[in-house]
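Participant: Next up is a structure, given as structure tokens.
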Amino acid sequence: MNLPEQYQQFHAEIRSTIPESRIFTDPVRTLAYGTDASFYRLIPKIVVKVRTVPEVTAVIHAAHLHKVPLTFRAAGTSLSGQAVTDSVLVMLTGAWGRYEVLEDGDKIVLEPGIIGAEANLYLKPYARKIGPDPASINAAMIGGIAANNASGMCCGTSDNSYKTVASMKLIFPDGTFLDTGDEASKIAFRQSHKELLAEIELLRDEIAAQPELVERIRHKFKIKNTTGYSLNAFVDYQDVFDILNHLFIGSEGTLGFIAEITYRTVVEQEHKASAMIFFPDIGTACQGVMRLYRPLVSATEMVDRIGLRSVEDEPGMPAYLKEFGEEVTAILVEVRADNHEELHRCIDGVKERLEGISTVMPVEFTTVKAEYERYWDIRKNLFPAVGNVRPAGTTVLIEDVAFPLEHLAEATLDLRRAMDKNGYHEGIIYGHALDGNLHFVFSQDFSNETEIKRYASLMDDVADLVVHRYNGSLKAEHGTGRNMAPFVEMEWGRQAYQFMRRIKKLFDPEGLINPDVIITDKANLHLENIKPAVVAHPLIDKCIECGYCESNCPSRNLTVTPRQRIVLQREITRLQKSGQDPERLAELLKGYEYFGDKTCATDGLCQLPCPVKINTGDHTKHWRAQHMSQDARRIAEFVAGHFAGITSTARIALGLANFAHSLLGTNAMNSLSKMAHTISGGASPQWTPWMPKGAVLAKPKLKPKKAQHQVVYFPSCLGRSMGPAKEDRDARSLTEAMISVLEKAGYAVIYPSDMDELCCGMPFESKGLPEIGDRMAAKLEKKLLKASNDGAIPVLCDTSPCVYRMRRVFKSELKLYEPAEFIHDFLLDKLEFTQLPETVAVHVTCSSLKMGLQDKFLAVAQKCAAKVVRPPKIKCCGFAGDAGFETPELNASALEGLKEALPPETTSGYSNSRTCEIGLSSASGLSYQSVAYLVDRATKAKGNA
Ligand SMILES: Cc1cc2nc3c(=O)[nH]c(=O)nc-3n(C[C@H](O)[C@H](O)[C@H](O)COP(=O)(O)OP(=O)(O)OC[C@H]3O[C@@H](n4cnc5c(N)ncnc54)[C@H](O)[C@@H]3O)c2cc1C
């Protein structure tokens with residue numbers, strides 16, 4: 001550890017409160033954790049993951065003692081550079097998840113590590129939601145949402161954090177704790193911080209004494225504004241604690257730490273309709289918008305012609321879009337209501353208000369969920385659409401300005417002119433029209449001075465027109481950060497800016513809390529520390545480092561996330577290409593082995609929320625292929641060539657382990673296996689009490705000729721070798737349960753021939769041996785085609801990852817089904833279901849999620865059990881085929897909290913992949929088996945007494 005002295009002292013100091021396992025100084029994690037969604041790159045010297053108020057307090061005290069600046073970090077989706085630092089990064093990751101719903105859903109208490117969408121899940125049963133609705137709500141955390149005063153399409157300026165905060169728990173830069181919702185805490189704070197509170201009152205009174213400034217503040221916050229501090233707190237509130245609550249909103253972690261926030265919630269209206277309305281030009285579109293208002297409409301999103309062109313080929317977009325003229329502008333309007341009648345009144349209301357305004361097509365609303373969701377998906381995809389088509393090695397930038405609504409039309413045209421003047425012809429403009437909030441998105445090359453100057457010139461032109469011509473906001477939603485800090489004074493004027501400087505000095509006299517963010521003396525800060533854009537590999541080059549993938553990743557709390565793997569890959573490539581700093585390169589490569597490669601489950605769940613659809617798991621497989629030794633390749637070839645023998649050996653080995661378990665007991669087996677795992681450096685698999693015994697292959701009884709229906713059943717190699725564990729609820733092998741279900745429903749089961757030799761190739765693919773995997777898959781496909789009469793008979797495979805792979809690599813049109821899907825599509829009407837009076841847990845695997853099967857899985861489970869629980873925070877189980885035996889810590893980390901999330905009365909768990917089930921059982925102590933067992937328990941043949 002080669003740190004400057006004060007950082008060494010800081011490090012030593014915090015170690016007395018925070019475990020060393022959560023303090024990082026190595027080159028891999030400081031780089032990976034240091035990155036956020038902005039285009040700035042600063043590498044922290046130390047990263048600390050904090051979990052409790054005392055830990056934050058200890059970090060703040062140590063920072064003061066050793067004069068070390070701190071930056072707080074929630075999800076790192078910020079775009080303006082407010083969550084990066086080259087000093088100490090204080091991360092919330094993996095903790096701060098406590099919540100409490102109050103007053104029948106009218107309020108919610110949230111810790112800052114909760115993702116916005118999770119908070120809305122907690123409120124769903126009450127038909128409520130939190131007010132702020134940034135487009136990033138599935139990734140951004142409450143701490144960042146509040147500290148940025150983030151907002152989105154619907155919340156406008158009336159339901160953002162500023163308007164809906166009720167109280168907060170705060171930790172000040174001197175380490176003092178205040179709960180603004182607790183009288184005793186306020187009394188204590190009044191005594192300990194008399195001067196601070198008196199200064200706040202003084203600021204309030206000084207501002208009040210300047211009517212022009214008061215008017216300016218009111219005017220500026222009528223539209224969305226996140227440039228500078230929330231000066232409106234001093235105008236809207238008299239009470240100092242109210243001022244504090246509201247000043248912390250939008251303070252971007254520069255005034256202190258938000259340890260908890262209580263929001264007043266807003267109603268989530270159930271009935272929705274949307275219309276994509278096309279106007280002949282932007283002026284007419286803006287006239288239309290100005291006729292609309294909230295609550296008649298909940299959102300109005302404008303998309304300019306270039307934006308429309310970027311999505312006109314997407315499925316669901318009307319073909320006539322391509323025929324439209326060059327000026328056509330779309331407004332996507334959404335109306336919401338509590339009931340059907342009110343919804344139609346709103347629709348009629350919009351149509352009436354738009355009467356007399358020229359539109360290219362008649363105004364048509366749709367209430368069909370799939371149709372309006374498609375429109376909104378297209379709108380949400382505008383930003384990534386630019387990210388997707390940008391040249392490799394460039395960065396996608398999104399700017400975020402707001403104009404008074406009455407100037408929206410001319411301001412939009414001026415914005416377009418500024419972009420064209422600076423050569424950004426392909427940049428698109430869209431945004432929340434009713435709020436006068438426009439985003440413009442373009443790709444930017446930062447690799448040479450000419451390009452940086454071009455960007456600087458655009459920013460100067462934009463600042464000039466937003467501020468001087470229209471008195472608008474330079475940052476409407478995304479926060480000031482480092483990007484707009486040099487422009488705060490320009491936007492607000494000297495007088496207001498001086499108040500902001502006083503605020504910062506008052507709270508943080510030493511300037512240690514997120515320095516340079518919001519308030520800076522550096523005129524060119526927005527052009528400094530720009531992230532290098534590196535062309536690393538086509539599988540990951542499109543990444544915009546937004547962080548949407550992170551919450552889905554099983555290694556997010558153990559090592560690194562998909563975004564962070566890509567950051568590391570880019571830096572490794574940069575160093576390899578430049579030849580700079582070979583020592584650092586060697587350290588990154590060494591560290592990547594475990595952090596990047598070994599703990600990547602390659603489940604690909606990261607692809608689902610990724611706006612540019614990157615599957616980092618695919619890149620990991622490619623990396624593995626490149627770094628595989630010849631010996632490993634030879635062993636894999638041997639396994640592929642002797643597959644039948646290997647599976648039967650596995651069956652025997654599992655049987656022996658199970659025998660040993662019965663003989664020695666769980667404790668002795670655990671100790672022995674841990675010892676072997678450690679001695680072998682992780683090469684010997686870790687035994688768990690949920691280790692399966694060898695499987696028995698059931699023989700179908702029903703003959704095809706006698707049955708009404710037929711199915712080809714391909715038990716995966718896992719299903720064929722791994723039986724139930726000693727502790728499992730059902731002692732039968734999976735093939736026995738599956739065949740029992742199928743035969744009850746009148747299906748004759750056909751096994752493919754030479755089944756012992758067959759495998760979909762998944763284990764080979766995930767180890768980085770796609771050629772062997774594909775060979776295995778081709779052989780399997782041939783056998784399945786034969787068994788299914790060239791695809792005439794449906795094919796069922798009992799393991800979801802195998803079905804997913806078969807669907808991806810098979811060339812023929814075989815009808816392939818995963819168990820829950822097959823049961824849902826074919827067996828629901830052929831079996832008699834009786835709901836078991838039980839609570840059962842389900843885990844929908846990554847593969848099932850990627851195949852879109854979660855609804856079918858849940859529907860089947862709900863037919864079988866009175867209560868079905870699916871803990872919302874549990875995503876990929878991290879078992880990853882056999883990786884769970886080699887790196888059990890990945891599985892344990894991914895499933896942290898599973899046990900606690902299951903109600904105590906839960907009898908058993910169900911999934912559809914044997915290895916995932918082992919991991920789930922190990923983490924929860926509950927038997928998890930295939931969904932087939934559940935269906936078998938809850939059904940009988942139709943007509944049977
Ligand atoms: C694709 C994309 C779309 C986006 N869309 C929108 C949008 O529609 N609307 C919008 O407003 N924003 C949007 N953003 C920006 C960003 O997602 C939001 O501002 C979000 O609220 C940031 O939350 P976070 O958890 O990522 O916070 P971070 O980025 O981690 O932090 C944000 C700020 O909060 C501070 N902070 C974090 N936690 C605390 C705490 N506990 N106490 C004090 N300070 C803290 C940090 O120091 C930092 O200054 C978008 C970003 C991306 C990448």
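By convention here, the chains of the structure tokens are called A, B, ... in the order presented, each chain's residues are numbered starting at 1, and ligands are numbered starting at 1 in the order presented.
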Could the residues that lie within 6 Å of ligand 1, counting only C-alpha atoms and all ligand atoms, be listed as a VMD selection string?

Facilitator: chain A and resid 37 71 to 79 82 to 83 112 134 to 136 140 to 141 143 to 145 147 to 148 150 to 152 252 to 253 256 to 259 477 to 478 546

Participant: Output N, CA, C and O atoms for every residue in the selection just made, as a compact mmCIF listing (two decimals), in the first residue's frame.

Facilitator:
# COMPACT_ATOMS: atom_id res chain seq x y z
N ALA A 37 -21.39 6.70 -13.57
CA ALA A 37 -21.93 6.80 -14.93
C ALA A 37 -21.51 8.06 -15.66
O ALA A 37 -21.84 8.23 -16.83
N THR A 71 -16.10 11.35 -0.35
CA THR A 71 -17.26 11.44 -1.26
C THR A 71 -18.17 10.24 -1.00
O THR A 71 -17.68 9.11 -0.93
N PHE A 72 -19.46 10.52 -0.83
CA PHE A 72 -20.41 9.42 -0.60
C PHE A 72 -20.88 8.86 -1.94
O PHE A 72 -20.99 9.58 -2.92
N ARG A 73 -21.19 7.58 -1.92
CA ARG A 73 -21.61 6.92 -3.16
C ARG A 73 -22.77 5.98 -2.88
O ARG A 73 -22.68 5.13 -1.99
N ALA A 74 -23.86 6.17 -3.63
CA ALA A 74 -24.96 5.19 -3.54
C ALA A 74 -24.80 4.23 -4.72
O ALA A 74 -23.89 3.41 -4.70
N ALA A 75 -25.62 4.37 -5.79
CA ALA A 75 -25.53 3.41 -6.89
C ALA A 75 -24.55 3.84 -7.98
O ALA A 75 -24.31 3.09 -8.93
N GLY A 76 -24.05 5.06 -7.89
CA GLY A 76 -23.09 5.52 -8.91
C GLY A 76 -23.69 5.64 -10.30
O GLY A 76 -23.01 5.38 -11.29
N THR A 77 -24.96 6.07 -10.38
CA THR A 77 -25.56 6.29 -11.71
C THR A 77 -25.55 7.77 -12.08
O THR A 77 -26.14 8.16 -13.09
N SER A 78 -24.90 8.58 -11.26
CA SER A 78 -24.88 10.01 -11.53
C SER A 78 -24.13 10.30 -12.83
O SER A 78 -23.17 9.63 -13.17
N LEU A 79 -24.60 11.36 -13.48
CA LEU A 79 -24.05 11.69 -14.80
C LEU A 79 -23.19 12.94 -14.80
O LEU A 79 -22.55 13.25 -15.79
N GLN A 82 -20.66 13.94 -9.75
CA GLN A 82 -20.74 14.27 -8.33
C GLN A 82 -20.43 13.08 -7.42
O GLN A 82 -20.38 13.24 -6.21
N ALA A 83 -20.25 11.89 -7.99
CA ALA A 83 -20.04 10.71 -7.14
C ALA A 83 -18.65 10.11 -7.35
O ALA A 83 -18.43 8.94 -7.05
N PRO A 112 -30.74 4.80 2.84
CA PRO A 112 -30.27 5.31 1.54
C PRO A 112 -29.78 4.26 0.56
O PRO A 112 -29.57 4.56 -0.61
N PRO A 134 -36.96 9.08 -11.39
CA PRO A 134 -35.97 9.16 -12.47
C PRO A 134 -36.03 7.92 -13.36
O PRO A 134 -36.44 6.85 -12.89
N ALA A 135 -35.63 8.10 -14.61
CA ALA A 135 -35.63 6.96 -15.54
C ALA A 135 -34.72 5.85 -15.00
O ALA A 135 -34.88 4.68 -15.35
N SER A 136 -33.79 6.22 -14.14
CA SER A 136 -32.84 5.26 -13.59
C SER A 136 -33.35 4.60 -12.31
O SER A 136 -32.56 4.01 -11.56
N ALA A 140 -30.90 3.42 -9.38
CA ALA A 140 -30.50 4.48 -8.45
C ALA A 140 -31.04 4.20 -7.05
O ALA A 140 -32.12 3.66 -6.88
N MET A 141 -30.24 4.60 -6.05
CA MET A 141 -30.63 4.34 -4.66
C MET A 141 -31.18 5.62 -4.02
O MET A 141 -30.87 6.74 -4.46
N GLY A 143 -30.40 7.27 -1.41
CA GLY A 143 -29.42 8.29 -1.02
C GLY A 143 -29.11 9.21 -2.19
O GLY A 143 -29.08 10.44 -2.06
N GLY A 144 -28.89 8.61 -3.37
CA GLY A 144 -28.56 9.39 -4.56
C GLY A 144 -29.77 10.12 -5.11
O GLY A 144 -29.66 11.24 -5.62
N ILE A 145 -30.94 9.50 -5.01
CA ILE A 145 -32.16 10.13 -5.52
C ILE A 145 -32.44 11.41 -4.72
O ILE A 145 -32.75 12.47 -5.28
N ALA A 147 -30.18 13.04 -2.68
CA ALA A 147 -29.06 13.99 -2.73
C ALA A 147 -28.96 14.69 -4.07
O ALA A 147 -28.38 15.76 -4.17
N ASN A 148 -29.51 14.09 -5.14
CA ASN A 148 -29.52 14.74 -6.46
C ASN A 148 -30.85 15.43 -6.75
O ASN A 148 -31.01 16.04 -7.79
N ALA A 150 -33.39 13.90 -7.79
CA ALA A 150 -33.65 13.32 -9.10
C ALA A 150 -35.15 13.32 -9.38
O ALA A 150 -35.97 13.21 -8.47
N SER A 151 -35.49 13.43 -10.66
CA SER A 151 -36.91 13.40 -11.02
C SER A 151 -37.05 12.83 -12.42
O SER A 151 -36.05 12.62 -13.10
N GLY A 152 -38.29 12.61 -12.83
CA GLY A 152 -38.47 11.95 -14.12
C GLY A 152 -39.66 12.45 -14.89
O GLY A 152 -39.99 13.63 -14.83
N GLU A 252 -26.13 16.94 -3.11
CA GLU A 252 -25.12 16.09 -3.77
C GLU A 252 -23.99 15.66 -2.83
O GLU A 252 -22.81 15.67 -3.21
N GLY A 253 -24.37 15.34 -1.62
CA GLY A 253 -23.39 14.81 -0.67
C GLY A 253 -22.33 15.81 -0.28
O GLY A 253 -21.23 15.41 0.14
N GLY A 256 -23.28 16.78 4.04
CA GLY A 256 -23.32 15.74 5.07
C GLY A 256 -23.96 14.49 4.52
O GLY A 256 -24.27 14.41 3.32
N PHE A 257 -24.19 13.52 5.41
CA PHE A 257 -24.65 12.19 5.00
C PHE A 257 -26.13 12.00 5.35
O PHE A 257 -26.54 12.31 6.48
N ILE A 258 -26.90 11.51 4.41
CA ILE A 258 -28.31 11.20 4.66
C ILE A 258 -28.38 9.73 5.10
O ILE A 258 -28.11 8.83 4.30
N ALA A 259 -28.71 9.51 6.38
CA ALA A 259 -28.72 8.13 6.89
C ALA A 259 -30.10 7.50 6.78
O ALA A 259 -30.24 6.27 6.86
N GLU A 477 -32.33 18.00 -13.85
CA GLU A 477 -32.56 16.79 -13.05
C GLU A 477 -31.28 16.15 -12.53
O GLU A 477 -31.29 15.51 -11.49
N HIS A 478 -30.21 16.23 -13.29
CA HIS A 478 -29.07 15.34 -13.04
C HIS A 478 -28.06 15.83 -12.01
O HIS A 478 -27.09 15.15 -11.73
N CYS A 546 -23.44 2.91 -17.16
CA CYS A 546 -24.56 3.53 -16.44
C CYS A 546 -24.82 2.84 -15.10
O CYS A 546 -25.40 3.44 -14.21

Participant: Using only C-alpha atoms, determine which residues lie at most 10 Å from Pro362 (chain A), disregarding the query and same-chain residues fewer than 5 positions distant; provide the list as a PyMOL selection string.

Facilitator: chain A and resi 277-278+351

Participant: Can you check which residues of region 491-593 of chain A DSSP gives as helix (DSSP H, G or I) on the backbone and send them as number ranges by chain?

Facilitator: A: 491-492, 494-507, 525-527, 550-552, 562-578, 582-593

Participant: Need the shell around region 369-374 of chain A: protein/DNA/RNA residues with any atom at most 6 Å away, counting only C-alpha atoms. Skip same-chain ones fewer than 2 positions apart. Format as JSON, numbers by chain?

Facilitator: {"A": [274, 376, 377]}

Participant: Counting only C-alpha atoms, which residues of region 461-489 of chain A sit at most 12 Å from some atom of region 416-423 of chain A, and what is each one's closest atom pair with its distance in Å to one decimal, listed by chain and rising residue number, as CSV?

Facilitator:
residue,atom,partner,partner_atom,distance
A:Asp461,CA,A:Ala418,CA,6.4
A:Val462,CA,A:Ala418,CA,6.8
A:Ala463,CA,A:Ala418,CA,10.4
A:Asp464,CA,A:Ala418,CA,10.1
A:Leu465,CA,A:Ala418,CA,8.8
A:Val466,CA,A:Ala418,CA,11.0

Participant: With a distance cut-off of 12 Å and only C-alpha atoms, select the neighbouring residues of Val401 (chain A), excluding the residue or stretch itself and same-chain residues fewer than 4 positions from it, and output the selection as a PyMOL selection string.

Facilitator: chain A and resi 223-227+408+411-412+415+429-433+435-441+459+462-467+470-480+484+491

Participant: Keeping N, CA and C atoms for every residue in the selection just given, could you write it to a file as a compact mmCIF listing (two decimals), in the first residue's frame?

Facilitator:
# COMPACT_ATOMS: atom_id res chain seq x y z
N ILE A 223 -39.57 25.87 -12.59
CA ILE A 223 -39.21 24.79 -13.50
C ILE A 223 -38.18 23.90 -12.78
N LYS A 224 -37.89 22.76 -13.38
CA LYS A 224 -36.94 21.86 -12.73
C LYS A 224 -35.57 22.53 -12.67
N ASN A 225 -34.92 22.39 -11.52
CA ASN A 225 -33.60 22.99 -11.41
C ASN A 225 -32.78 22.24 -10.36
N THR A 226 -31.65 21.72 -10.80
CA THR A 226 -30.72 21.09 -9.83
C THR A 226 -29.35 21.74 -9.93
N THR A 227 -29.30 22.97 -10.41
CA THR A 227 -28.01 23.68 -10.44
C THR A 227 -27.84 24.40 -9.11
N LEU A 408 -40.54 27.21 -24.69
CA LEU A 408 -40.03 25.89 -25.05
C LEU A 408 -39.77 25.75 -26.56
N ALA A 411 -36.81 27.86 -27.72
CA ALA A 411 -35.60 27.38 -27.05
C ALA A 411 -35.14 26.05 -27.66
N THR A 412 -36.10 25.20 -28.01
CA THR A 412 -35.73 23.90 -28.60
C THR A 412 -35.06 24.14 -29.95
N LEU A 415 -31.64 25.38 -29.38
CA LEU A 415 -30.78 24.28 -28.93
C LEU A 415 -30.30 23.48 -30.14
N ILE A 429 -32.85 15.39 -29.49
CA ILE A 429 -33.43 16.18 -28.40
C ILE A 429 -34.75 15.53 -28.00
N TYR A 430 -34.91 15.32 -26.72
CA TYR A 430 -36.19 14.81 -26.22
C TYR A 430 -36.33 15.29 -24.78
N GLY A 431 -37.46 15.04 -24.20
CA GLY A 431 -37.54 15.42 -22.80
C GLY A 431 -38.94 15.60 -22.28
N HIS A 432 -38.97 16.03 -21.03
CA HIS A 432 -40.24 16.14 -20.31
C HIS A 432 -40.82 17.51 -20.63
N ALA A 433 -41.61 17.55 -21.72
CA ALA A 433 -42.02 18.83 -22.29
C ALA A 433 -42.81 19.69 -21.31
N ASP A 435 -42.55 20.03 -18.32
CA ASP A 435 -41.67 20.67 -17.34
C ASP A 435 -40.62 21.54 -18.02
N GLY A 436 -40.73 21.72 -19.32
CA GLY A 436 -39.74 22.51 -20.05
C GLY A 436 -38.36 21.88 -20.00
N ASN A 437 -38.30 20.60 -19.65
CA ASN A 437 -37.02 19.92 -19.42
C ASN A 437 -36.60 19.11 -20.65
N LEU A 438 -35.51 19.52 -21.26
CA LEU A 438 -35.05 18.83 -22.47
C LEU A 438 -33.71 18.15 -22.22
N HIS A 439 -33.60 16.95 -22.76
CA HIS A 439 -32.30 16.28 -22.76
C HIS A 439 -31.79 16.32 -24.19
N PHE A 440 -30.51 16.53 -24.35
CA PHE A 440 -29.95 16.32 -25.69
C PHE A 440 -28.78 15.37 -25.55
N VAL A 441 -28.79 14.41 -26.46
CA VAL A 441 -27.87 13.28 -26.34
C VAL A 441 -27.01 13.21 -27.60
N MET A 459 -20.84 23.57 -24.97
CA MET A 459 -21.29 23.86 -23.60
C MET A 459 -21.41 25.36 -23.37
N VAL A 462 -24.53 26.52 -25.15
CA VAL A 462 -25.75 26.07 -24.44
C VAL A 462 -25.93 26.91 -23.17
N ALA A 463 -24.84 27.10 -22.43
CA ALA A 463 -24.93 27.88 -21.19
C ALA A 463 -25.45 29.28 -21.52
N ASP A 464 -24.95 29.84 -22.60
CA ASP A 464 -25.35 31.19 -22.98
C ASP A 464 -26.84 31.24 -23.29
N LEU A 465 -27.31 30.31 -24.09
CA LEU A 465 -28.73 30.41 -24.47
C LEU A 465 -29.66 30.03 -23.31
N VAL A 466 -29.26 29.05 -22.53
CA VAL A 466 -30.13 28.64 -21.41
C VAL A 466 -30.21 29.77 -20.38
N VAL A 467 -29.05 30.33 -20.06
CA VAL A 467 -29.03 31.31 -18.96
C VAL A 467 -29.43 32.70 -19.46
N TYR A 470 -32.88 32.60 -22.00
CA TYR A 470 -34.18 32.08 -21.52
C TYR A 470 -34.31 31.98 -20.01
N ASN A 471 -33.28 32.34 -19.28
CA ASN A 471 -33.35 32.27 -17.82
C ASN A 471 -33.80 30.87 -17.37
N GLY A 472 -33.17 29.85 -17.96
CA GLY A 472 -33.54 28.47 -17.65
C GLY A 472 -32.58 27.82 -16.67
N SER A 473 -32.62 26.48 -16.62
CA SER A 473 -31.72 25.73 -15.72
C SER A 473 -30.71 24.95 -16.55
N LEU A 474 -29.45 25.01 -16.13
CA LEU A 474 -28.42 24.26 -16.85
C LEU A 474 -28.45 22.78 -16.49
N LYS A 475 -28.91 22.47 -15.29
CA LYS A 475 -29.13 21.08 -14.92
C LYS A 475 -30.52 21.01 -14.29
N ALA A 476 -31.41 20.34 -14.98
CA ALA A 476 -32.79 20.28 -14.52
C ALA A 476 -33.00 19.12 -13.55
N GLU A 477 -32.33 18.00 -13.85
CA GLU A 477 -32.56 16.79 -13.05
C GLU A 477 -31.28 16.15 -12.53
N HIS A 478 -30.21 16.23 -13.29
CA HIS A 478 -29.07 15.34 -13.04
C HIS A 478 -28.06 15.83 -12.01
N GLY A 479 -28.30 17.03 -11.47
CA GLY A 479 -27.38 17.54 -10.46
C GLY A 479 -26.22 18.32 -11.09
N THR A 480 -25.63 19.19 -10.28
CA THR A 480 -24.57 20.09 -10.76
C THR A 480 -23.27 19.34 -11.00
N MET A 484 -21.27 21.02 -14.06
CA MET A 484 -21.85 22.36 -14.11
C MET A 484 -21.33 23.28 -13.00
N GLU A 491 -25.27 30.93 -13.89
CA GLU A 491 -26.71 30.71 -13.93
C GLU A 491 -27.44 31.54 -12.86

Participant: Under the rule that only C-alpha atoms are counted, which of A:Gln710, A:Thr52, A:Gln569, A:Thr939 is the nearest residue to Ile171 (chain A)?

Facilitator: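 Between A:Gln710, A:Thr52, A:Gln569, A:Thr939, the residue approaching Ile171 (chain A) most closely is A:Thr52.
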
Participant: Determine the nearest neighbour of Leu608 (chain A) from the options A:Glu550, A:Asp236, A:Glu183, A:Glu118, counting only C-alpha atoms.

Facilitator: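 Checking each candidate against Leu608 (chain A), we get A:Glu550 as the closest.
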
Participant: Write out as a PyMOL selection string each polymer residue whose atoms come within 9 Å of region 811-820 of chain A, counting only C-alpha atoms; drop sequence neighbours fewer than 4 positions from it.

Facilitator: chain A and resi 738+778+781+784-785+788+790-800+802-804+806-807+824-825+848+853+856-861+912+930-932

Participant: What is the CA of Ile114 (chain A) to CA of Lys875 (chain A) distance in Å?

Facilitator: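 Going from CA of Ile114 (chain A) over to CA of Lys875 (chain A), I get 15.1 Å.
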